[in-house]
Amino acid sequence: MKEAAAADPIRLLALRETPLSLDEVHAAVGDTHAGGTALFVGTVRDHDGGRNVTALEYSAHPSAEQELRRVAEKVVADFPVVALAAVHRVGRLEVTDAAVIVAVSCAHRGEAFEACRRLIDDLKHTVPIWKHQHFADGTEEWVASC
């Protein structure tokens, strides 16, 4: 566990082509000052809009990491965050792969839940990441933003 002195509460932010680690994200937000940690894992599901999904490919704009930092800084400014982490995959993912993992630790669980919810919602709505869905029938579809 890390101790929160005057350290930056944003402990881990990344876009990666390699599989994501829940243990890494959880460890990044561990802190002796935190009484509650909330984590969210977004995974590739096997369907969308009544169609069978076989795989996804995520692409990110060059500004995506900068925008992810802006989102994280806003969450830290709006909530009593002890530590925060967010990682998102880019490249090809298969069904059940983790596409995004976010975590927030706070002194209390309610704050952690609220901050984590804001983090994933704002990431999804503002960070320029797009998904390219591949369907079992051979068709494809681009979807804007996470």
# chains A, B, ... in the order shown; residues from 1 in each chain; ligands from 1

$ select_by_dssp --residues "region 26-111 of chain A" --states "strand (DSSP E)" --output "PyMOL selection string"
chain A and resi 36-43+47-48+51-60+81-89+91-94+98-106

$ residues_around --residues "Asp23 (chain A)" --least-positions-apart "3" --cutoff "12 Å" --atoms "only C-alpha atoms" --output "JSON, numbers by chain"
{"A": [19, 20, 26, 27, 28, 29, 30, 39, 41, 85, 101, 102, 103]}

$ write_last_selection --atoms "C-alpha atoms" --output "PDB file, in the first residue's frame"
ATOM      1  CA  PRO A  19      -3.872  -7.014 -21.876  1.00  0.00           C
ATOM      2  CA  LEU A  20      -4.922  -4.988 -18.840  1.00  0.00           C
ATOM      3  CA  HIS A  26      -6.002  -2.117  -7.816  1.00  0.00           C
ATOM      4  CA  ALA A  27      -2.452  -1.839  -6.472  1.00  0.00           C
ATOM      5  CA  ALA A  28      -2.074   1.631  -7.994  1.00  0.00           C
ATOM      6  CA  VAL A  29      -4.943   3.009  -5.887  1.00  0.00           C
ATOM      7  CA  GLY A  30      -4.051   1.218  -2.674  1.00  0.00           C
ATOM      8  CA  LEU A  39     -13.268  -0.475  -9.474  1.00  0.00           C
ATOM      9  CA  VAL A  41     -13.978  -3.281 -15.508  1.00  0.00           C
ATOM     10  CA  ALA A  85      -6.131   4.935 -11.982  1.00  0.00           C
ATOM     11  CA  ILE A 101     -10.319  -0.642 -16.001  1.00  0.00           C
ATOM     12  CA  VAL A 102     -10.790   2.372 -13.738  1.00  0.00           C
ATOM     13  CA  ALA A 103     -10.386   2.597  -9.986  1.00  0.00           C
TER      14      ALA A 103
END

$ residues_around --residues "Val81 (chain A)" --least-positions-apart "2" --cutoff "9 Å" --atoms "only C-alpha atoms" --output "ChimeraX atom specification"
/A:9-10,34,75-79,83-84,104-107,111-112,115

$ residues_around --residues "Gly91 (chain A)" --least-positions-apart "4" --cutoff "8 Å" --atoms "only C-alpha atoms" --output "ChimeraX atom specification"
/A:17,57-59

$ write_last_selection --atoms "N, CA, C and O atoms" --output "PDB file, in the first residue's frame"
ATOM      1  N   GLU A  17      -1.756  -1.495 -25.778  1.00  0.00           N
ATOM      2  CA  GLU A  17      -2.085  -2.546 -26.741  1.00  0.00           C
ATOM      3  C   GLU A  17      -2.023  -3.932 -26.100  1.00  0.00           C
ATOM      4  O   GLU A  17      -2.437  -4.903 -26.715  1.00  0.00           O
ATOM      5  N   GLU A  57     -12.017  -3.698 -32.225  1.00  0.00           N
ATOM      6  CA  GLU A  57     -10.728  -3.036 -32.362  1.00  0.00           C
ATOM      7  C   GLU A  57     -10.918  -1.603 -31.870  1.00  0.00           C
ATOM      8  O   GLU A  57     -11.822  -0.914 -32.329  1.00  0.00           O
ATOM      9  N   TYR A  58     -10.078  -1.198 -30.923  1.00  0.00           N
ATOM     10  CA  TYR A  58     -10.129   0.170 -30.415  1.00  0.00           C
ATOM     11  C   TYR A  58      -9.017   1.002 -31.035  1.00  0.00           C
ATOM     12  O   TYR A  58      -7.877   0.538 -31.136  1.00  0.00           O
ATOM     13  N   SER A  59      -9.368   2.207 -31.424  1.00  0.00           N
ATOM     14  CA  SER A  59      -8.407   3.183 -31.940  1.00  0.00           C
ATOM     15  C   SER A  59      -8.530   4.439 -31.098  1.00  0.00           C
ATOM     16  O   SER A  59      -9.618   4.788 -30.647  1.00  0.00           O
TER      17      SER A  59
END

$ closest_atom_pairs --of "region 55-75 of chain A" --to "region 116-125 of chain A" --cutoff "8 Å" --atoms "only C-alpha atoms" --output "JSON lines"
{"residue": "A:Leu68", "atom": "CA", "partner": "A:Leu123", "partner_atom": "CA", "distance": 6.5}
{"residue": "A:Val71", "atom": "CA", "partner": "A:Asp122", "partner_atom": "CA", "distance": 6.5}
{"residue": "A:Ala72", "atom": "CA", "partner": "A:Leu119", "partner_atom": "CA", "distance": 6.7}
{"residue": "A:Val75", "atom": "CA", "partner": "A:Leu119", "partner_atom": "CA", "distance": 6.3}

$ closest_residue --among "A:Ala86, A:Ala38, A:Val100, A:Leu56" --to "Glu73 (chain A)" --atoms "only C-alpha atoms"
A:Ala86

$ closest_residue --among "A:Glu67, A:Arg51, A:Val82, A:Ala60" --to "Arg11 (chain A)" --atoms "only C-alpha atoms"
A:Val82

$ atom_distance --atom1 "CA of Gly50 (chain A)" --atom2 "CA of Ala98 (chain A)"
21.3 Å

$ select_by_dssp --residues "region 13-146 of chain A" --states "helix (DSSP H, G or I)" --output "CSV table (one decimal) with all heavy atoms, in the first residue's frame"
chain,number,residue,atom,x,y,z
A,22,LEU,N,-6.0,-6.2,-13.7
A,22,LEU,CA,-6.9,-5.7,-12.6
A,22,LEU,C,-6.0,-5.5,-11.4
A,22,LEU,O,-6.1,-4.6,-10.6
A,22,LEU,CB,-8.0,-6.7,-12.3
A,22,LEU,CG,-9.0,-6.3,-11.2
A,22,LEU,CD1,-9.7,-5.0,-11.5
A,22,LEU,CD2,-10.0,-7.4,-11.1
A,23,ASP,N,-5.0,-6.5,-11.1
A,23,ASP,CA,-4.2,-6.4,-10.0
A,23,ASP,C,-3.3,-5.1,-10.0
A,23,ASP,O,-3.1,-4.4,-9.0
A,23,ASP,CB,-3.2,-7.6,-9.9
A,23,ASP,CG,-4.0,-8.9,-9.5
A,23,ASP,OD1,-5.1,-8.7,-8.9
A,23,ASP,OD2,-3.5,-9.9,-9.8
A,24,GLU,N,-2.8,-4.7,-11.2
A,24,GLU,CA,-2.0,-3.5,-11.4
A,24,GLU,C,-2.8,-2.3,-11.0
A,24,GLU,O,-2.3,-1.4,-10.3
A,24,GLU,CB,-1.5,-3.4,-12.8
A,24,GLU,CG,-0.7,-2.1,-13.0
A,24,GLU,CD,-0.4,-1.8,-14.4
A,24,GLU,OE1,-1.1,-2.3,-15.3
A,24,GLU,OE2,0.6,-1.0,-14.7
A,25,VAL,N,-4.0,-2.2,-11.5
A,25,VAL,CA,-4.9,-1.0,-11.3
A,25,VAL,C,-5.3,-1.0,-9.8
A,25,VAL,O,-5.2,0.1,-9.2
A,25,VAL,CB,-6.1,-1.0,-12.2
A,25,VAL,CG1,-7.1,0.1,-11.9
A,25,VAL,CG2,-5.7,-1.0,-13.7
A,26,HIS,N,-5.6,-2.1,-9.2
A,26,HIS,CA,-6.0,-2.1,-7.8
A,26,HIS,C,-4.8,-1.7,-6.9
A,26,HIS,O,-5.0,-0.9,-6.0
A,26,HIS,CB,-6.5,-3.5,-7.4
A,26,HIS,CG,-7.0,-3.6,-6.0
A,26,HIS,ND1,-6.3,-4.3,-5.1
A,26,HIS,CD2,-8.0,-3.0,-5.4
A,26,HIS,CE1,-7.0,-4.2,-3.9
A,26,HIS,NE2,-8.0,-3.4,-4.1
A,27,ALA,N,-3.6,-2.2,-7.2
A,27,ALA,CA,-2.5,-1.8,-6.5
A,27,ALA,C,-2.1,-0.3,-6.6
A,27,ALA,O,-1.7,0.3,-5.6
A,27,ALA,CB,-1.3,-2.7,-6.9
A,28,ALA,N,-2.4,0.2,-7.8
A,28,ALA,CA,-2.1,1.6,-8.0
A,28,ALA,C,-2.9,2.5,-7.1
A,28,ALA,O,-2.4,3.6,-6.7
A,28,ALA,CB,-2.3,2.0,-9.5
A,64,ALA,N,-5.7,11.4,-27.0
A,64,ALA,CA,-6.5,10.6,-26.1
A,64,ALA,C,-5.9,10.6,-24.6
A,64,ALA,O,-6.6,10.7,-23.7
A,64,ALA,CB,-6.8,9.2,-26.6
A,65,GLU,N,-4.6,10.4,-24.6
A,65,GLU,CA,-4.0,10.3,-23.2
A,65,GLU,C,-4.1,11.7,-22.5
A,65,GLU,O,-4.3,11.8,-21.3
A,65,GLU,CB,-2.6,9.8,-23.3
A,65,GLU,CG,-2.5,8.4,-23.5
A,65,GLU,CD,-1.1,7.8,-23.3
A,65,GLU,OE1,-0.3,8.3,-22.5
A,65,GLU,OE2,-0.8,6.8,-24.0
A,66,GLN,N,-3.9,12.8,-23.3
A,66,GLN,CA,-4.0,14.1,-22.7
A,66,GLN,C,-5.5,14.3,-22.2
A,66,GLN,O,-5.7,14.9,-21.1
A,66,GLN,CB,-3.6,15.1,-23.7
A,66,GLN,CG,-3.7,16.6,-23.2
A,66,GLN,CD,-3.3,17.6,-24.3
A,66,GLN,OE1,-3.1,17.2,-25.5
A,66,GLN,NE2,-3.2,18.8,-24.0
A,67,GLU,N,-6.4,13.9,-23.0
A,67,GLU,CA,-7.8,14.1,-22.6
A,67,GLU,C,-8.2,13.2,-21.4
A,67,GLU,O,-8.9,13.6,-20.5
A,67,GLU,CB,-8.8,13.7,-23.8
A,67,GLU,CG,-10.2,14.0,-23.5
A,67,GLU,CD,-10.6,15.4,-23.2
A,67,GLU,OE1,-9.8,16.4,-23.5
A,67,GLU,OE2,-11.6,15.7,-22.5
A,68,LEU,N,-7.6,12.0,-21.3
A,68,LEU,CA,-7.8,11.1,-20.2
A,68,LEU,C,-7.3,11.8,-18.9
A,68,LEU,O,-7.9,11.7,-17.9
A,68,LEU,CB,-7.1,9.8,-20.4
A,68,LEU,CG,-7.2,8.7,-19.3
A,68,LEU,CD1,-8.6,8.4,-18.9
A,68,LEU,CD2,-6.4,7.5,-19.7
A,69,ARG,N,-6.1,12.4,-19.0
A,69,ARG,CA,-5.6,13.1,-17.9
A,69,ARG,C,-6.5,14.3,-17.4
A,69,ARG,O,-6.7,14.5,-16.3
A,69,ARG,CB,-4.2,13.7,-18.2
A,69,ARG,CG,-3.7,14.6,-17.0
A,69,ARG,CD,-2.2,14.7,-16.9
A,69,ARG,NE,-1.5,13.4,-16.6
A,69,ARG,CZ,-1.4,13.0,-15.4
A,69,ARG,NH1,-1.9,13.6,-14.3
A,69,ARG,NH2,-0.7,11.9,-15.2
A,70,ARG,N,-7.1,15.0,-18.4
A,70,ARG,CA,-8.0,16.1,-18.1
A,70,ARG,C,-9.2,15.5,-17.3
A,70,ARG,O,-9.7,16.1,-16.4
A,70,ARG,CB,-8.4,16.8,-19.4
A,70,ARG,CG,-9.2,18.1,-19.1
A,70,ARG,CD,-9.8,18.7,-20.3
A,70,ARG,NE,-10.9,17.9,-20.8
A,70,ARG,CZ,-12.1,17.8,-20.2
A,70,ARG,NH1,-12.3,18.5,-19.1
A,70,ARG,NH2,-13.1,17.1,-20.7
A,71,VAL,N,-9.7,14.4,-17.8
A,71,VAL,CA,-10.9,13.8,-17.1
A,71,VAL,C,-10.5,13.4,-15.7
A,71,VAL,O,-11.2,13.7,-14.7
A,71,VAL,CB,-11.4,12.6,-17.9
A,71,VAL,CG1,-12.3,11.7,-17.1
A,71,VAL,CG2,-12.0,13.0,-19.2
A,72,ALA,N,-9.4,12.8,-15.5
A,72,ALA,CA,-8.9,12.4,-14.2
A,72,ALA,C,-8.7,13.6,-13.3
A,72,ALA,O,-9.1,13.5,-12.1
A,72,ALA,CB,-7.6,11.6,-14.3
A,73,GLU,N,-8.1,14.6,-13.8
A,73,GLU,CA,-7.9,15.8,-13.0
A,73,GLU,C,-9.2,16.4,-12.5
A,73,GLU,O,-9.3,16.9,-11.4
A,73,GLU,CB,-7.1,16.9,-13.8
A,73,GLU,CG,-5.6,16.5,-13.9
A,73,GLU,CD,-4.9,17.3,-14.9
A,73,GLU,OE1,-5.5,18.1,-15.6
A,73,GLU,OE2,-3.6,17.2,-14.9
A,74,LYS,N,-10.2,16.4,-13.4
A,74,LYS,CA,-11.6,16.9,-13.0
A,74,LYS,C,-12.2,16.1,-11.9
A,74,LYS,O,-12.8,16.6,-11.0
A,74,LYS,CB,-12.5,17.0,-14.3
A,74,LYS,CG,-13.8,17.5,-14.0
A,74,LYS,CD,-13.9,19.0,-14.0
A,74,LYS,CE,-15.3,19.5,-14.0
A,74,LYS,NZ,-15.7,20.1,-12.8
A,75,VAL,N,-12.1,14.8,-12.0
A,75,VAL,CA,-12.6,13.9,-11.0
A,75,VAL,C,-11.9,14.2,-9.6
A,75,VAL,O,-12.5,14.3,-8.6
A,75,VAL,CB,-12.5,12.4,-11.4
A,75,VAL,CG1,-12.8,11.5,-10.2
A,75,VAL,CG2,-13.4,12.1,-12.6
A,76,VAL,N,-10.6,14.3,-9.7
A,76,VAL,CA,-9.8,14.6,-8.5
A,76,VAL,C,-10.2,16.0,-7.9
A,76,VAL,O,-10.3,16.1,-6.7
A,76,VAL,CB,-8.3,14.6,-8.8
A,76,VAL,CG1,-7.5,15.2,-7.6
A,76,VAL,CG2,-7.9,13.2,-9.0
A,77,ALA,N,-10.5,16.9,-8.7
A,77,ALA,CA,-11.0,18.3,-8.3
A,77,ALA,C,-12.4,18.2,-7.7
A,77,ALA,O,-12.6,19.0,-6.8
A,77,ALA,CB,-10.9,19.3,-9.4
A,78,ASP,N,-13.2,17.4,-8.2
A,78,ASP,CA,-14.6,17.3,-7.7
A,78,ASP,C,-14.9,16.4,-6.6
A,78,ASP,O,-16.0,16.5,-6.0
A,78,ASP,CB,-15.5,17.0,-8.9
A,78,ASP,CG,-15.6,18.0,-10.0
A,78,ASP,OD1,-15.1,19.2,-9.7
A,78,ASP,OD2,-16.1,17.7,-11.1
A,109,ARG,N,-16.6,4.8,1.2
A,109,ARG,CA,-17.0,4.0,0.1
A,109,ARG,C,-18.0,4.8,-0.8
A,109,ARG,O,-17.9,4.7,-2.0
A,109,ARG,CB,-17.7,2.7,0.5
A,109,ARG,CG,-19.1,2.9,1.2
A,109,ARG,CD,-19.7,1.6,1.6
A,109,ARG,NE,-20.9,1.8,2.3
A,109,ARG,CZ,-21.0,2.0,3.6
A,109,ARG,NH1,-20.0,2.0,4.3
A,109,ARG,NH2,-22.2,2.3,4.1
A,110,GLY,N,-18.9,5.6,-0.3
A,110,GLY,CA,-19.8,6.4,-1.1
A,110,GLY,C,-19.1,7.3,-2.0
A,110,GLY,O,-19.4,7.4,-3.2
A,111,GLU,N,-18.1,8.0,-1.5
A,111,GLU,CA,-17.3,8.9,-2.4
A,111,GLU,C,-16.5,8.1,-3.5
A,111,GLU,O,-16.4,8.6,-4.6
A,111,GLU,CB,-16.3,9.6,-1.5
A,111,GLU,CG,-16.9,10.5,-0.4
A,111,GLU,CD,-15.9,10.9,0.7
A,111,GLU,OE1,-14.9,10.2,0.9
A,111,GLU,OE2,-16.2,11.9,1.4
A,112,ALA,N,-16.0,7.0,-3.1
A,112,ALA,CA,-15.3,6.1,-4.0
A,112,ALA,C,-16.2,5.7,-5.2
A,112,ALA,O,-15.9,5.7,-6.4
A,112,ALA,CB,-14.7,4.9,-3.4
A,113,PHE,N,-17.4,5.2,-4.8
A,113,PHE,CA,-18.4,4.8,-5.8
A,113,PHE,C,-18.7,6.0,-6.8
A,113,PHE,O,-18.7,5.8,-8.0
A,113,PHE,CB,-19.7,4.3,-5.2
A,113,PHE,CG,-19.6,2.9,-4.7
A,113,PHE,CD1,-20.0,2.6,-3.4
A,113,PHE,CD2,-19.3,1.8,-5.6
A,113,PHE,CE1,-19.9,1.3,-3.0
A,113,PHE,CE2,-19.3,0.5,-5.1
A,113,PHE,CZ,-19.6,0.2,-3.8
A,114,GLU,N,-19.0,7.1,-6.2
A,114,GLU,CA,-19.4,8.3,-7.0
A,114,GLU,C,-18.3,8.7,-7.9
A,114,GLU,O,-18.5,9.0,-9.1
A,114,GLU,CB,-19.9,9.4,-6.1
A,114,GLU,CG,-21.2,9.2,-5.4
A,114,GLU,CD,-21.5,10.3,-4.4
A,114,GLU,OE1,-21.1,11.4,-4.7
A,114,GLU,OE2,-22.3,10.0,-3.5
A,115,ALA,N,-17.1,8.8,-7.4
A,115,ALA,CA,-15.9,9.2,-8.2
A,115,ALA,C,-15.6,8.2,-9.3
A,115,ALA,O,-15.3,8.6,-10.4
A,115,ALA,CB,-14.7,9.5,-7.3
A,116,CYS,N,-15.7,7.0,-9.0
A,116,CYS,CA,-15.5,5.9,-10.0
A,116,CYS,C,-16.5,6.0,-11.1
A,116,CYS,O,-16.1,5.9,-12.3
A,116,CYS,CB,-15.4,4.6,-9.4
A,116,CYS,SG,-14.9,3.3,-10.4
A,117,ARG,N,-17.7,6.2,-10.8
A,117,ARG,CA,-18.8,6.3,-11.8
A,117,ARG,C,-18.6,7.5,-12.7
A,117,ARG,O,-18.7,7.4,-13.9
A,117,ARG,CB,-20.2,6.4,-11.1
A,117,ARG,CG,-21.3,6.7,-12.0
A,117,ARG,CD,-21.7,5.5,-12.7
A,117,ARG,NE,-22.8,5.7,-13.7
A,117,ARG,CZ,-24.0,5.1,-13.5
A,117,ARG,NH1,-24.3,4.3,-12.5
A,117,ARG,NH2,-24.9,5.4,-14.5
A,118,ARG,N,-18.2,8.7,-12.1
A,118,ARG,CA,-17.9,9.8,-12.9
A,118,ARG,C,-16.7,9.6,-13.8
A,118,ARG,O,-16.7,10.0,-15.0
A,118,ARG,CB,-17.6,11.0,-12.0
A,118,ARG,CG,-17.1,12.2,-12.7
A,118,ARG,CD,-18.1,13.1,-13.4
A,118,ARG,NE,-19.0,13.8,-12.5
A,118,ARG,CZ,-18.6,14.8,-11.7
A,118,ARG,NH1,-17.4,15.4,-11.8
A,118,ARG,NH2,-19.5,15.3,-10.9
A,119,LEU,N,-15.7,8.9,-13.3
A,119,LEU,CA,-14.5,8.7,-14.1
A,119,LEU,C,-14.8,7.9,-15.3
A,119,LEU,O,-14.4,8.2,-16.4
A,119,LEU,CB,-13.4,8.0,-13.2
A,119,LEU,CG,-12.1,7.6,-13.9
A,119,LEU,CD1,-11.4,8.8,-14.5
A,119,LEU,CD2,-11.2,6.9,-12.9
A,120,ILE,N,-15.5,6.8,-15.2
A,120,ILE,CA,-15.8,5.9,-16.3
A,120,ILE,C,-16.8,6.6,-17.3
A,120,ILE,O,-16.6,6.6,-18.5
A,120,ILE,CB,-16.3,4.5,-15.9
A,120,ILE,CG1,-16.4,3.6,-17.2
A,120,ILE,CG2,-17.6,4.5,-15.2
A,120,ILE,CD1,-15.1,3.4,-17.9
A,121,ASP,N,-17.8,7.3,-16.7
A,121,ASP,CA,-18.7,8.0,-17.6
A,121,ASP,C,-18.1,9.1,-18.4
A,121,ASP,O,-18.3,9.2,-19.6
A,121,ASP,CB,-19.9,8.6,-16.8
A,121,ASP,CG,-20.9,7.5,-16.3
A,121,ASP,OD1,-20.8,6.3,-16.7
A,121,ASP,OD2,-21.7,7.8,-15.4
A,122,ASP,N,-17.2,9.9,-17.7
A,122,ASP,CA,-16.6,11.0,-18.5
A,122,ASP,C,-15.6,10.5,-19.4
A,122,ASP,O,-15.4,11.0,-20.5
A,122,ASP,CB,-15.9,12.0,-17.5
A,122,ASP,CG,-17.0,12.8,-16.7
A,122,ASP,OD1,-18.2,12.7,-17.0
A,122,ASP,OD2,-16.6,13.6,-15.9
A,123,LEU,N,-14.8,9.4,-19.1
A,123,LEU,CA,-13.9,8.8,-20.0
A,123,LEU,C,-14.7,8.3,-21.3
A,123,LEU,O,-14.3,8.7,-22.4
A,123,LEU,CB,-13.2,7.6,-19.3
A,123,LEU,CG,-12.1,6.8,-20.0
A,123,LEU,CD1,-11.3,6.0,-19.1
A,123,LEU,CD2,-12.6,5.9,-21.1
A,124,LYS,N,-15.7,7.7,-21.0
A,124,LYS,CA,-16.5,7.1,-22.2
A,124,LYS,C,-17.1,8.2,-23.1
A,124,LYS,O,-17.1,8.1,-24.3
A,124,LYS,CB,-17.7,6.3,-21.6
A,124,LYS,CG,-18.5,5.5,-22.6
A,124,LYS,CD,-19.4,4.5,-22.0
A,124,LYS,CE,-20.3,3.8,-23.0
A,124,LYS,NZ,-19.6,2.9,-23.8
A,125,HIS,N,-17.5,9.3,-22.5
A,125,HIS,CA,-18.1,10.4,-23.3
A,125,HIS,C,-17.2,11.4,-23.9
A,125,HIS,O,-17.5,12.1,-24.8
A,125,HIS,CB,-19.2,11.1,-22.4
A,125,HIS,CG,-20.3,10.2,-22.1
A,125,HIS,ND1,-20.6,9.7,-20.9
A,125,HIS,CD2,-21.3,9.8,-22.9
A,125,HIS,CE1,-21.7,8.9,-21.0
A,125,HIS,NE2,-22.1,9.0,-22.2
A,126,THR,N,-15.9,11.5,-23.3
A,126,THR,CA,-15.1,12.6,-23.8
A,126,THR,C,-13.7,12.2,-24.4
A,126,THR,O,-13.2,13.0,-25.2
A,126,THR,CB,-14.8,13.7,-22.7
A,126,THR,OG1,-14.1,13.1,-21.6
A,126,THR,CG2,-16.1,14.3,-22.2

$ atom_distance --atom1 "CA of Ile129 (chain A)" --atom2 "CA of Asn52 (chain A)"
21.8 Å

$ atom_distance --atom1 "CA of Glu141 (chain A)" --atom2 "CA of Ala55 (chain A)"
11.1 Å

$ residues_around --residues "Thr96 (chain A)" --least-positions-apart "6" --cutoff "8 Å" --atoms "only C-alpha atoms" --output "list of chain:residue names"
A:Thr43, A:Val44, A:Arg45, A:Asp46
